Structure formats: structure tokens, C-alpha cells
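The file model_1.cif comes next; it holds mmCIF, N, CA and C atoms and all ligand atoms.
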data_target
loop_
_atom_site.label_atom_id
_atom_site.label_comp_id
_atom_site.auth_asym_id
_atom_site.auth_seq_id
_atom_site.Cartn_x
_atom_site.Cartn_y
_atom_site.Cartn_z
N MET A 1 84.43 28.45 29.36
CA MET A 1 85.42 27.93 30.31
C MET A 1 85.75 26.49 29.93
N THR A 2 87.00 26.22 29.78
CA THR A 2 87.45 24.88 29.39
C THR A 2 88.06 24.17 30.58
N ASP A 3 87.71 22.89 30.70
CA ASP A 3 88.27 22.07 31.75
C ASP A 3 89.47 21.32 31.17
N ARG A 4 90.65 21.56 31.72
CA ARG A 4 91.86 20.91 31.22
C ARG A 4 92.27 19.77 32.14
N PHE A 5 92.73 18.69 31.54
CA PHE A 5 93.31 17.64 32.36
C PHE A 5 94.43 16.96 31.59
N THR A 6 95.31 16.32 32.32
CA THR A 6 96.48 15.67 31.71
C THR A 6 96.24 14.17 31.71
N VAL A 7 96.59 13.53 30.61
CA VAL A 7 96.44 12.08 30.52
C VAL A 7 97.82 11.47 30.34
N SER A 8 98.13 10.47 31.13
CA SER A 8 99.42 9.77 30.99
C SER A 8 99.22 8.48 30.22
N LEU A 9 100.03 8.25 29.21
CA LEU A 9 99.93 7.03 28.41
C LEU A 9 101.29 6.35 28.34
N GLU A 10 101.30 5.02 28.34
CA GLU A 10 102.55 4.31 28.10
C GLU A 10 102.98 4.62 26.67
N PRO A 11 104.31 4.59 26.41
CA PRO A 11 104.81 4.95 25.08
C PRO A 11 104.15 4.17 23.94
N ALA A 12 103.94 2.87 24.13
CA ALA A 12 103.37 2.06 23.06
C ALA A 12 101.94 2.50 22.74
N LEU A 13 101.17 2.77 23.79
CA LEU A 13 99.78 3.20 23.59
C LEU A 13 99.75 4.60 22.96
N ALA A 14 100.66 5.48 23.41
CA ALA A 14 100.73 6.82 22.84
C ALA A 14 101.08 6.77 21.36
N ALA A 15 102.01 5.87 20.99
CA ALA A 15 102.41 5.75 19.59
C ALA A 15 101.25 5.24 18.74
N GLU A 16 100.53 4.25 19.26
CA GLU A 16 99.37 3.72 18.53
C GLU A 16 98.30 4.79 18.36
N PHE A 17 98.10 5.57 19.42
CA PHE A 17 97.09 6.64 19.38
C PHE A 17 97.50 7.69 18.34
N SER A 18 98.77 8.07 18.34
CA SER A 18 99.25 9.06 17.37
C SER A 18 99.06 8.55 15.94
N ALA A 19 99.35 7.26 15.72
CA ALA A 19 99.19 6.68 14.38
C ALA A 19 97.72 6.70 13.96
N LEU A 20 96.84 6.40 14.91
CA LEU A 20 95.40 6.42 14.64
C LEU A 20 94.95 7.84 14.23
N LEU A 21 95.42 8.83 14.98
CA LEU A 21 95.04 10.21 14.68
C LEU A 21 95.52 10.62 13.30
N ALA A 22 96.73 10.18 12.95
CA ALA A 22 97.27 10.52 11.62
C ALA A 22 96.41 9.88 10.53
N ARG A 23 96.06 8.60 10.71
CA ARG A 23 95.23 7.92 9.71
C ARG A 23 93.87 8.59 9.57
N LYS A 24 93.32 9.05 10.68
CA LYS A 24 91.98 9.65 10.65
C LYS A 24 92.00 11.12 10.32
N GLY A 25 93.18 11.71 10.24
CA GLY A 25 93.29 13.09 9.82
C GLY A 25 93.08 14.13 10.91
N TYR A 26 93.26 13.72 12.17
CA TYR A 26 93.15 14.70 13.26
C TYR A 26 94.40 15.58 13.30
N ASP A 27 94.20 16.87 13.49
CA ASP A 27 95.34 17.79 13.61
C ASP A 27 95.83 17.85 15.05
N ASN A 28 94.93 17.63 16.00
CA ASN A 28 95.39 17.68 17.39
C ASN A 28 94.69 16.63 18.24
N ARG A 29 95.39 16.27 19.30
CA ARG A 29 94.90 15.20 20.17
C ARG A 29 93.63 15.57 20.92
N SER A 30 93.54 16.86 21.28
CA SER A 30 92.37 17.26 22.07
C SER A 30 91.07 16.98 21.33
N GLU A 31 91.04 17.30 20.03
CA GLU A 31 89.81 17.07 19.27
C GLU A 31 89.51 15.57 19.20
N ALA A 32 90.56 14.77 19.04
CA ALA A 32 90.37 13.31 18.99
C ALA A 32 89.84 12.79 20.32
N VAL A 33 90.40 13.28 21.41
CA VAL A 33 89.95 12.83 22.73
C VAL A 33 88.51 13.29 22.98
N ARG A 34 88.18 14.52 22.56
CA ARG A 34 86.78 14.99 22.71
C ARG A 34 85.83 14.06 21.95
N ASP A 35 86.21 13.66 20.72
CA ASP A 35 85.34 12.77 19.95
C ASP A 35 85.19 11.41 20.62
N LEU A 36 86.28 10.89 21.17
CA LEU A 36 86.21 9.60 21.86
C LEU A 36 85.30 9.69 23.09
N ILE A 37 85.41 10.80 23.81
CA ILE A 37 84.57 10.99 25.00
C ILE A 37 83.11 11.10 24.60
N ARG A 38 82.83 11.89 23.55
CA ARG A 38 81.43 12.02 23.08
C ARG A 38 80.87 10.66 22.67
N GLU A 39 81.69 9.87 21.97
CA GLU A 39 81.24 8.56 21.52
C GLU A 39 80.91 7.66 22.70
N ALA A 40 81.76 7.67 23.71
CA ALA A 40 81.53 6.85 24.91
C ALA A 40 80.28 7.32 25.64
N LEU A 41 80.11 8.64 25.77
CA LEU A 41 78.94 9.17 26.47
C LEU A 41 77.65 8.84 25.72
N THR A 42 77.72 8.93 24.39
CA THR A 42 76.55 8.62 23.57
C THR A 42 76.15 7.16 23.73
N ARG A 43 77.13 6.28 23.65
CA ARG A 43 76.85 4.84 23.77
C ARG A 43 76.25 4.55 25.15
N GLU A 44 76.86 5.10 26.16
CA GLU A 44 76.40 4.85 27.53
C GLU A 44 74.99 5.41 27.73
N ARG A 45 74.74 6.59 27.17
CA ARG A 45 73.43 7.21 27.34
C ARG A 45 72.32 6.42 26.65
N LEU A 46 72.63 5.90 25.45
CA LEU A 46 71.64 5.09 24.74
C LEU A 46 71.33 3.80 25.50
N GLU A 47 72.36 3.26 26.18
CA GLU A 47 72.13 2.03 26.96
C GLU A 47 71.38 2.33 28.25
N ARG A 48 71.74 3.45 28.86
CA ARG A 48 71.18 3.79 30.18
C ARG A 48 69.76 4.34 30.06
N ALA A 49 69.50 5.11 28.99
CA ALA A 49 68.20 5.78 28.87
C ALA A 49 67.59 5.50 27.49
N PRO A 50 67.23 4.24 27.24
CA PRO A 50 66.68 3.90 25.92
C PRO A 50 65.33 4.57 25.64
N GLU A 51 64.72 5.12 26.71
CA GLU A 51 63.42 5.80 26.52
C GLU A 51 63.61 7.26 26.14
N GLY A 52 64.87 7.73 26.14
CA GLY A 52 65.14 9.12 25.76
C GLY A 52 64.97 9.33 24.27
N ASP A 53 64.89 10.59 23.88
CA ASP A 53 64.70 10.90 22.46
C ASP A 53 66.04 10.93 21.74
N CYS A 54 65.96 10.58 20.47
CA CYS A 54 67.16 10.61 19.65
C CYS A 54 66.79 10.98 18.21
N VAL A 55 67.81 11.33 17.45
CA VAL A 55 67.66 11.33 16.00
C VAL A 55 68.43 10.12 15.49
N GLY A 56 67.95 9.53 14.41
CA GLY A 56 68.60 8.35 13.86
C GLY A 56 68.78 8.50 12.36
N VAL A 57 69.88 7.96 11.88
CA VAL A 57 70.09 7.89 10.44
C VAL A 57 70.22 6.41 10.09
N LEU A 58 69.26 5.94 9.32
CA LEU A 58 69.24 4.53 8.91
C LEU A 58 69.58 4.47 7.43
N SER A 59 70.64 3.76 7.08
CA SER A 59 71.02 3.67 5.67
C SER A 59 71.14 2.21 5.26
N TYR A 60 70.85 1.95 4.02
CA TYR A 60 70.90 0.59 3.50
C TYR A 60 70.85 0.62 1.98
N LEU A 61 71.10 -0.53 1.42
CA LEU A 61 71.13 -0.69 -0.02
C LEU A 61 70.25 -1.89 -0.38
N TYR A 62 69.57 -1.85 -1.50
CA TYR A 62 68.79 -3.02 -1.90
C TYR A 62 68.59 -3.05 -3.41
N ASP A 63 68.24 -4.23 -3.88
CA ASP A 63 67.97 -4.42 -5.31
C ASP A 63 66.48 -4.20 -5.52
N HIS A 64 66.13 -3.21 -6.31
CA HIS A 64 64.70 -2.89 -6.43
C HIS A 64 63.94 -3.92 -7.28
N HIS A 65 64.67 -4.87 -7.90
CA HIS A 65 63.99 -5.97 -8.61
C HIS A 65 63.56 -7.06 -7.64
N GLU A 66 64.13 -7.02 -6.43
CA GLU A 66 63.80 -8.03 -5.41
C GLU A 66 62.28 -8.03 -5.22
N ARG A 67 61.71 -9.21 -5.32
CA ARG A 67 60.27 -9.37 -5.30
C ARG A 67 59.61 -8.69 -4.08
N GLU A 68 58.73 -7.79 -4.33
CA GLU A 68 57.89 -7.18 -3.26
C GLU A 68 58.66 -6.31 -2.27
N LEU A 69 59.99 -6.25 -2.39
CA LEU A 69 60.76 -5.58 -1.33
C LEU A 69 60.43 -4.08 -1.23
N SER A 70 60.39 -3.39 -2.37
CA SER A 70 60.10 -1.95 -2.33
C SER A 70 58.76 -1.68 -1.66
N LYS A 71 57.77 -2.51 -2.03
CA LYS A 71 56.43 -2.35 -1.47
C LYS A 71 56.42 -2.60 0.04
N ARG A 72 57.08 -3.67 0.45
CA ARG A 72 57.15 -4.01 1.88
C ARG A 72 57.86 -2.91 2.68
N LEU A 73 58.94 -2.38 2.10
CA LEU A 73 59.67 -1.30 2.77
C LEU A 73 58.77 -0.09 2.98
N THR A 74 58.01 0.24 1.96
CA THR A 74 57.09 1.38 2.07
C THR A 74 56.06 1.13 3.16
N GLU A 75 55.55 -0.10 3.24
CA GLU A 75 54.56 -0.44 4.27
C GLU A 75 55.16 -0.32 5.67
N VAL A 76 56.38 -0.84 5.83
CA VAL A 76 57.06 -0.78 7.13
C VAL A 76 57.26 0.68 7.55
N GLN A 77 57.61 1.52 6.58
CA GLN A 77 57.87 2.93 6.90
C GLN A 77 56.58 3.67 7.22
N HIS A 78 55.51 3.36 6.49
CA HIS A 78 54.23 4.02 6.79
C HIS A 78 53.70 3.60 8.16
N ALA A 79 53.98 2.34 8.55
CA ALA A 79 53.51 1.86 9.85
C ALA A 79 54.14 2.67 10.98
N ARG A 80 55.35 3.21 10.78
CA ARG A 80 55.99 4.04 11.80
C ARG A 80 56.27 5.45 11.25
N HIS A 81 55.26 6.01 10.59
CA HIS A 81 55.41 7.36 10.03
C HIS A 81 55.72 8.38 11.11
N ASP A 82 55.34 8.06 12.36
CA ASP A 82 55.61 8.99 13.46
C ASP A 82 57.11 9.13 13.75
N LEU A 83 57.90 8.11 13.35
CA LEU A 83 59.35 8.17 13.57
C LEU A 83 60.08 8.79 12.39
N SER A 84 59.41 8.84 11.25
CA SER A 84 60.08 9.22 10.02
C SER A 84 60.07 10.73 9.80
N VAL A 85 61.22 11.30 9.58
CA VAL A 85 61.31 12.72 9.25
C VAL A 85 61.38 12.86 7.73
N THR A 86 62.31 12.15 7.13
CA THR A 86 62.40 12.16 5.67
C THR A 86 63.22 10.97 5.20
N THR A 87 63.07 10.61 3.95
CA THR A 87 63.86 9.53 3.37
C THR A 87 64.45 10.00 2.05
N LEU A 88 65.73 9.74 1.91
CA LEU A 88 66.44 10.09 0.67
C LEU A 88 66.65 8.80 -0.12
N HIS A 89 66.33 8.84 -1.39
CA HIS A 89 66.47 7.65 -2.23
C HIS A 89 67.38 7.96 -3.40
N MET A 90 68.36 7.11 -3.61
CA MET A 90 69.25 7.30 -4.76
C MET A 90 69.21 6.03 -5.62
N HIS A 91 68.98 6.19 -6.93
CA HIS A 91 69.06 5.07 -7.87
C HIS A 91 70.53 4.91 -8.24
N LEU A 92 71.20 4.01 -7.54
CA LEU A 92 72.66 3.90 -7.67
C LEU A 92 73.07 3.41 -9.06
N ASP A 93 72.39 2.37 -9.54
CA ASP A 93 72.64 1.90 -10.91
C ASP A 93 71.35 1.24 -11.39
N HIS A 94 71.41 0.41 -12.44
CA HIS A 94 70.18 -0.16 -13.00
C HIS A 94 69.41 -1.00 -11.98
N ASP A 95 70.12 -1.61 -11.04
CA ASP A 95 69.48 -2.55 -10.12
C ASP A 95 69.38 -2.05 -8.68
N THR A 96 70.34 -1.24 -8.30
CA THR A 96 70.53 -0.99 -6.87
C THR A 96 70.03 0.38 -6.43
N CYS A 97 69.36 0.38 -5.30
CA CYS A 97 68.91 1.63 -4.67
C CYS A 97 69.63 1.80 -3.34
N VAL A 98 69.91 3.04 -2.99
CA VAL A 98 70.44 3.37 -1.67
C VAL A 98 69.42 4.29 -1.02
N GLU A 99 69.09 4.00 0.22
CA GLU A 99 68.18 4.88 0.95
C GLU A 99 68.81 5.29 2.27
N ALA A 100 68.52 6.52 2.66
CA ALA A 100 68.90 7.02 3.98
C ALA A 100 67.65 7.61 4.60
N ALA A 101 67.22 7.03 5.71
CA ALA A 101 66.02 7.52 6.40
C ALA A 101 66.44 8.29 7.64
N LEU A 102 65.93 9.49 7.76
CA LEU A 102 66.20 10.32 8.93
C LEU A 102 65.03 10.12 9.89
N LEU A 103 65.35 9.70 11.11
CA LEU A 103 64.32 9.33 12.09
C LEU A 103 64.44 10.20 13.33
N ARG A 104 63.33 10.31 14.03
CA ARG A 104 63.36 11.03 15.30
C ARG A 104 62.32 10.44 16.22
N GLY A 105 62.72 10.12 17.45
CA GLY A 105 61.77 9.54 18.39
C GLY A 105 62.50 8.87 19.54
N GLN A 106 61.75 8.06 20.28
CA GLN A 106 62.33 7.36 21.43
C GLN A 106 63.43 6.42 20.93
N ALA A 107 64.59 6.46 21.60
CA ALA A 107 65.76 5.72 21.12
C ALA A 107 65.46 4.22 20.94
N SER A 108 64.70 3.63 21.87
CA SER A 108 64.41 2.20 21.76
C SER A 108 63.49 1.91 20.56
N GLU A 109 62.59 2.83 20.27
CA GLU A 109 61.68 2.64 19.13
C GLU A 109 62.41 2.84 17.80
N VAL A 110 63.33 3.80 17.79
CA VAL A 110 64.14 4.02 16.58
C VAL A 110 64.99 2.78 16.31
N LEU A 111 65.55 2.21 17.39
CA LEU A 111 66.35 0.99 17.24
C LEU A 111 65.49 -0.16 16.71
N ALA A 112 64.32 -0.35 17.29
CA ALA A 112 63.44 -1.45 16.87
C ALA A 112 63.04 -1.29 15.40
N PHE A 113 62.74 -0.06 15.01
CA PHE A 113 62.38 0.20 13.62
C PHE A 113 63.55 -0.11 12.69
N GLY A 114 64.74 0.37 13.07
CA GLY A 114 65.94 0.14 12.24
C GLY A 114 66.21 -1.34 12.09
N GLU A 115 66.05 -2.09 13.19
CA GLU A 115 66.32 -3.53 13.12
C GLU A 115 65.30 -4.23 12.24
N THR A 116 64.05 -3.79 12.29
CA THR A 116 63.01 -4.39 11.43
C THR A 116 63.37 -4.20 9.96
N VAL A 117 63.80 -2.99 9.61
CA VAL A 117 64.15 -2.73 8.21
C VAL A 117 65.39 -3.53 7.81
N MET A 118 66.42 -3.49 8.65
CA MET A 118 67.69 -4.14 8.29
C MET A 118 67.57 -5.65 8.20
N ALA A 119 66.60 -6.22 8.94
CA ALA A 119 66.43 -7.68 8.95
C ALA A 119 65.67 -8.19 7.73
N ARG A 120 65.07 -7.30 6.97
CA ARG A 120 64.29 -7.74 5.81
C ARG A 120 65.21 -8.40 4.79
N PRO A 121 64.78 -9.55 4.25
CA PRO A 121 65.59 -10.19 3.22
C PRO A 121 65.81 -9.23 2.05
N GLY A 122 67.02 -9.14 1.58
CA GLY A 122 67.32 -8.27 0.44
C GLY A 122 67.92 -6.94 0.83
N ILE A 123 67.78 -6.56 2.12
CA ILE A 123 68.40 -5.32 2.60
C ILE A 123 69.87 -5.60 2.92
N GLN A 124 70.75 -4.83 2.31
CA GLN A 124 72.19 -5.04 2.49
C GLN A 124 72.86 -3.82 3.10
N HIS A 125 73.94 -4.07 3.80
CA HIS A 125 74.77 -3.00 4.39
C HIS A 125 73.95 -2.06 5.27
N GLY A 126 72.93 -2.60 5.93
CA GLY A 126 72.11 -1.77 6.80
C GLY A 126 72.92 -1.26 7.99
N ARG A 127 72.70 -0.01 8.30
CA ARG A 127 73.39 0.57 9.46
C ARG A 127 72.50 1.65 10.07
N LEU A 128 72.47 1.67 11.38
CA LEU A 128 71.69 2.69 12.09
C LEU A 128 72.62 3.47 13.01
N HIS A 129 72.58 4.76 12.86
CA HIS A 129 73.37 5.63 13.74
C HIS A 129 72.40 6.46 14.56
N ARG A 130 72.47 6.36 15.88
CA ARG A 130 71.57 7.13 16.74
C ARG A 130 72.35 8.17 17.52
N ILE A 131 71.79 9.35 17.59
CA ILE A 131 72.40 10.44 18.36
C ILE A 131 71.38 10.87 19.41
N PRO A 132 71.66 10.63 20.70
CA PRO A 132 70.69 11.03 21.72
C PRO A 132 70.55 12.55 21.76
N LEU A 133 69.33 13.01 21.98
CA LEU A 133 69.08 14.45 22.08
C LEU A 133 69.24 14.89 23.52
N PRO A 134 69.83 16.05 23.74
CA PRO A 134 69.96 16.54 25.11
C PRO A 134 68.58 16.73 25.73
N ASP A 135 68.48 16.57 27.04
CA ASP A 135 67.21 16.80 27.73
C ASP A 135 66.73 18.21 27.41
N GLY A 136 65.44 18.33 27.17
CA GLY A 136 64.89 19.65 26.91
C GLY A 136 64.82 19.99 25.43
N THR A 137 65.49 19.17 24.57
CA THR A 137 65.37 19.39 23.13
C THR A 137 63.97 18.96 22.71
N PRO A 138 63.28 19.76 21.92
CA PRO A 138 61.96 19.33 21.48
C PRO A 138 62.06 17.97 20.79
N GLY A 139 61.30 17.02 21.25
CA GLY A 139 61.40 15.67 20.70
C GLY A 139 60.04 15.17 20.29
N ARG A 140 59.69 14.03 20.85
CA ARG A 140 58.40 13.46 20.56
C ARG A 140 57.28 14.39 20.98
N GLY A 141 56.20 14.31 20.28
CA GLY A 141 55.04 15.10 20.68
C GLY A 141 55.05 16.49 20.10
N THR A 142 56.17 16.91 19.53
CA THR A 142 56.22 18.24 18.94
C THR A 142 55.86 18.16 17.45
N ARG A 143 55.83 16.92 16.93
CA ARG A 143 55.46 16.75 15.53
C ARG A 143 54.08 16.10 15.49
N SER A 144 53.30 16.48 14.50
CA SER A 144 51.97 15.88 14.38
C SER A 144 52.10 14.44 13.96
N LYS A 145 51.27 13.58 14.53
CA LYS A 145 51.36 12.14 14.22
C LYS A 145 50.32 11.78 13.18
NI NI B 201 65.94 3.36 -6.85
#
So that I can check it, write out the structure of this file as C-alpha cells.
Ligand code: NI
Amino acid sequence: MTDRFTVSLEPALAAEFSALLARKGYDNRSEAVRDLIREALTRERLERAPEGDCVGVLSYLYDHHERELSKRLTEVQHARHDLSVTTLHMHLDHDTCVEAALLRGQASEVLAFGETVMARPGIQHGRLHRIPLPDGTPGRGTRSK
């Protein structure tokens, strides 16, 4: 069952919205509006319930010649092995590594971990994307620590 509603927009806002959808490759407005609503709900939920469970994708780039950085990163990750599901490592070129860490746990802890990694000197383009898990989704405590 789908809930339908009508949205009224001023012409200028409607034109801007249409241009945005075209740039982003949306075929229809409904899908774009659904994505905007999901994004707003996700943001609000992470703010309102930071103790809830989430999955997180932490990505960053670094120079593996940077003194001690690889070792320190490994230590930081082992210290929170309970949050870590897996880490993907790509040797981008002779100097640069790209890593993507898949995390799962309490949203506030995933955020704190991501910030610790991204704040390390030498870590570049760090970004953390968190997706809150619906209530009842197996989360913490279902994986061995
Ligand atoms: Ni590498």
C-alpha cells in the first residue's frame, strides 16, 4: 500500500529541483523525494538515538610511507575489533593506499571510532557514512567479541 501526497512548489524551486534531478540522473520525482525523505530520517535518527545500532562505511586515503601510520592504524582498529566487520585495502599507486572499513555497532561508538581514524595525521579524504539499523535488526551482541 502506497501513501500518496501532493507537494506544491513555487516555480523557481520546482525548476531548481528538476535541474537537480536531471544532474543526478533521476528518472522520476517520486524516487528523488523518497531519497530525500530517507536522508532526512536517517540524519534525524542518528541525532535522536545515537545509542542505536548502525552499519558504517569509513573510507580514507593515506601514504603508506608516512612514518608509523600503517602500524598506528592497525593498532587503532584492533582496539575496536568489536566494531570492525571487514576492511578493504587497495594499493592505489606506489605511495598511496585507500581503505574502506565496514563497521557495525552503536552509532555513537562508530562515530567516535571514525573520528579517531580520520583525525590521525596523514589520513586524507576521510569520510564516514552511517546507516541506522531498524529496530529489531540483529546488531550488537550477535557477533563474538
Ligand atoms: Ni597499500
- [ ] Enumerate residues in contact with ligand NI 201 (chain B): an atom-to-atom distance of at most 7 Å, counting only N, CA and C atoms and all ligand atoms. Format the result as a ChimeraX atom specification.
- [x] /A:64,89-92,95-98
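Going from atom CA of Leu41 of chain A to atom CA of Cys54 of chain A covers 13.7 Å.
Atom CA of Arg4 of chain A sits 29.4 Å away from atom C of His129 of chain A.
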Give me, as a ChimeraX atom specification, the residues of chain A that a backbone DSSP run labels strand (DSSP E). /A:53-63,84-91,96-106,123-132
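When atom CA of Glu51 of chain A is paired with atom C of Ile131 of chain A, their separation reads 11.8 Å.
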Segment 57-126 of chain A: which residues are helix (DSSP H, G or I) by DSSP, as a PDB file with N, CA and C atoms, in the frame of the given file?
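That gives us part.pdb:
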ATOM      1  N   LEU A  69      59.990  -6.250  -2.390  1.00  0.00           N
ATOM      2  CA  LEU A  69      60.760  -5.580  -1.330  1.00  0.00           C
ATOM      3  C   LEU A  69      60.430  -4.080  -1.230  1.00  0.00           C
ATOM      4  N   SER A  70      60.390  -3.390  -2.370  1.00  0.00           N
ATOM      5  CA  SER A  70      60.100  -1.950  -2.330  1.00  0.00           C
ATOM      6  C   SER A  70      58.760  -1.680  -1.660  1.00  0.00           C
ATOM      7  N   LYS A  71      57.770  -2.510  -2.030  1.00  0.00           N
ATOM      8  CA  LYS A  71      56.430  -2.350  -1.470  1.00  0.00           C
ATOM      9  C   LYS A  71      56.420  -2.600   0.040  1.00  0.00           C
ATOM     10  N   ARG A  72      57.080  -3.670   0.450  1.00  0.00           N
ATOM     11  CA  ARG A  72      57.150  -4.010   1.880  1.00  0.00           C
ATOM     12  C   ARG A  72      57.860  -2.910   2.680  1.00  0.00           C
ATOM     13  N   LEU A  73      58.940  -2.380   2.100  1.00  0.00           N
ATOM     14  CA  LEU A  73      59.670  -1.300   2.770  1.00  0.00           C
ATOM     15  C   LEU A  73      58.770  -0.090   2.980  1.00  0.00           C
ATOM     16  N   THR A  74      58.010   0.240   1.960  1.00  0.00           N
ATOM     17  CA  THR A  74      57.090   1.380   2.070  1.00  0.00           C
ATOM     18  C   THR A  74      56.060   1.130   3.160  1.00  0.00           C
ATOM     19  N   GLU A  75      55.550  -0.100   3.240  1.00  0.00           N
ATOM     20  CA  GLU A  75      54.560  -0.440   4.270  1.00  0.00           C
ATOM     21  C   GLU A  75      55.160  -0.320   5.670  1.00  0.00           C
ATOM     22  N   VAL A  76      56.380  -0.840   5.830  1.00  0.00           N
ATOM     23  CA  VAL A  76      57.060  -0.780   7.130  1.00  0.00           C
ATOM     24  C   VAL A  76      57.260   0.680   7.550  1.00  0.00           C
ATOM     25  N   GLN A  77      57.610   1.520   6.580  1.00  0.00           N
ATOM     26  CA  GLN A  77      57.870   2.930   6.900  1.00  0.00           C
ATOM     27  C   GLN A  77      56.580   3.670   7.220  1.00  0.00           C
ATOM     28  N   HIS A  78      55.510   3.360   6.490  1.00  0.00           N
ATOM     29  CA  HIS A  78      54.230   4.020   6.790  1.00  0.00           C
ATOM     30  C   HIS A  78      53.700   3.600   8.160  1.00  0.00           C
ATOM     31  N   ALA A  79      53.980   2.340   8.550  1.00  0.00           N
ATOM     32  CA  ALA A  79      53.510   1.860   9.850  1.00  0.00           C
ATOM     33  C   ALA A  79      54.140   2.670  10.980  1.00  0.00           C
ATOM     34  N   ALA A 107      64.590   6.460  21.600  1.00  0.00           N
ATOM     35  CA  ALA A 107      65.760   5.720  21.120  1.00  0.00           C
ATOM     36  C   ALA A 107      65.460   4.220  20.940  1.00  0.00           C
ATOM     37  N   SER A 108      64.700   3.630  21.870  1.00  0.00           N
ATOM     38  CA  SER A 108      64.410   2.200  21.760  1.00  0.00           C
ATOM     39  C   SER A 108      63.490   1.910  20.560  1.00  0.00           C
ATOM     40  N   GLU A 109      62.590   2.830  20.270  1.00  0.00           N
ATOM     41  CA  GLU A 109      61.680   2.640  19.130  1.00  0.00           C
ATOM     42  C   GLU A 109      62.410   2.840  17.800  1.00  0.00           C
ATOM     43  N   VAL A 110      63.330   3.800  17.790  1.00  0.00           N
ATOM     44  CA  VAL A 110      64.140   4.020  16.580  1.00  0.00           C
ATOM     45  C   VAL A 110      64.990   2.780  16.310  1.00  0.00           C
ATOM     46  N   LEU A 111      65.550   2.210  17.390  1.00  0.00           N
ATOM     47  CA  LEU A 111      66.350   0.990  17.240  1.00  0.00           C
ATOM     48  C   LEU A 111      65.490  -0.160  16.710  1.00  0.00           C
ATOM     49  N   ALA A 112      64.320  -0.350  17.290  1.00  0.00           N
ATOM     50  CA  ALA A 112      63.440  -1.450  16.870  1.00  0.00           C
ATOM     51  C   ALA A 112      63.040  -1.290  15.400  1.00  0.00           C
ATOM     52  N   PHE A 113      62.740  -0.060  15.010  1.00  0.00           N
ATOM     53  CA  PHE A 113      62.380   0.200  13.620  1.00  0.00           C
ATOM     54  C   PHE A 113      63.550  -0.110  12.690  1.00  0.00           C
ATOM     55  N   GLY A 114      64.740   0.370  13.070  1.00  0.00           N
ATOM     56  CA  GLY A 114      65.940   0.140  12.240  1.00  0.00           C
ATOM     57  C   GLY A 114      66.210  -1.340  12.090  1.00  0.00           C
ATOM     58  N   GLU A 115      66.050  -2.090  13.190  1.00  0.00           N
ATOM     59  CA  GLU A 115      66.320  -3.530  13.120  1.00  0.00           C
ATOM     60  C   GLU A 115      65.300  -4.230  12.240  1.00  0.00           C
ATOM     61  N   THR A 116      64.050  -3.790  12.290  1.00  0.00           N
ATOM     62  CA  THR A 116      63.010  -4.390  11.430  1.00  0.00           C
ATOM     63  C   THR A 116      63.370  -4.200   9.960  1.00  0.00           C
ATOM     64  N   VAL A 117      63.800  -2.990   9.610  1.00  0.00           N
ATOM     65  CA  VAL A 117      64.150  -2.730   8.210  1.00  0.00           C
ATOM     66  C   VAL A 117      65.390  -3.530   7.810  1.00  0.00           C
ATOM     67  N   MET A 118      66.420  -3.490   8.650  1.00  0.00           N
ATOM     68  CA  MET A 118      67.690  -4.140   8.290  1.00  0.00           C
ATOM     69  C   MET A 118      67.570  -5.650   8.200  1.00  0.00           C
TER      70      MET A 118
END
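Residues with any atom within 9 Å of Ser84 of chain A, counting only C-alpha atoms and excluding same-chain neighbours fewer than 4 positions away, are A:Gln77, A:His78, A:Arg80, A:Ala101, A:Leu102, A:Leu103, A:Arg104, A:Gly105.
Considering the residues A:Arg127, A:Val117, A:Tyr26, A:Pro132 and counting all atoms listed in the file, Leu73 of chain A has its shortest atom-to-atom contact with A:Val117.
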One residue among A:Leu128, A:Leu133, A:Met118, A:Ile123 is nearest to Tyr62 of chain A when using all atoms listed in the file, and that residue is A:Ile123
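Using only C-alpha atoms for every distance, the candidate list A:Asp53, A:Asp3, A:Asp82, A:Asp35 yields A:Asp53 as the residue closest to Gly136 of chain A.
Here the question is which of A:Ile37, A:Val7, A:Leu61, A:Val76 gets nearest to Phe113 of chain A using all atoms listed in the file, and that residue is A:Val76.
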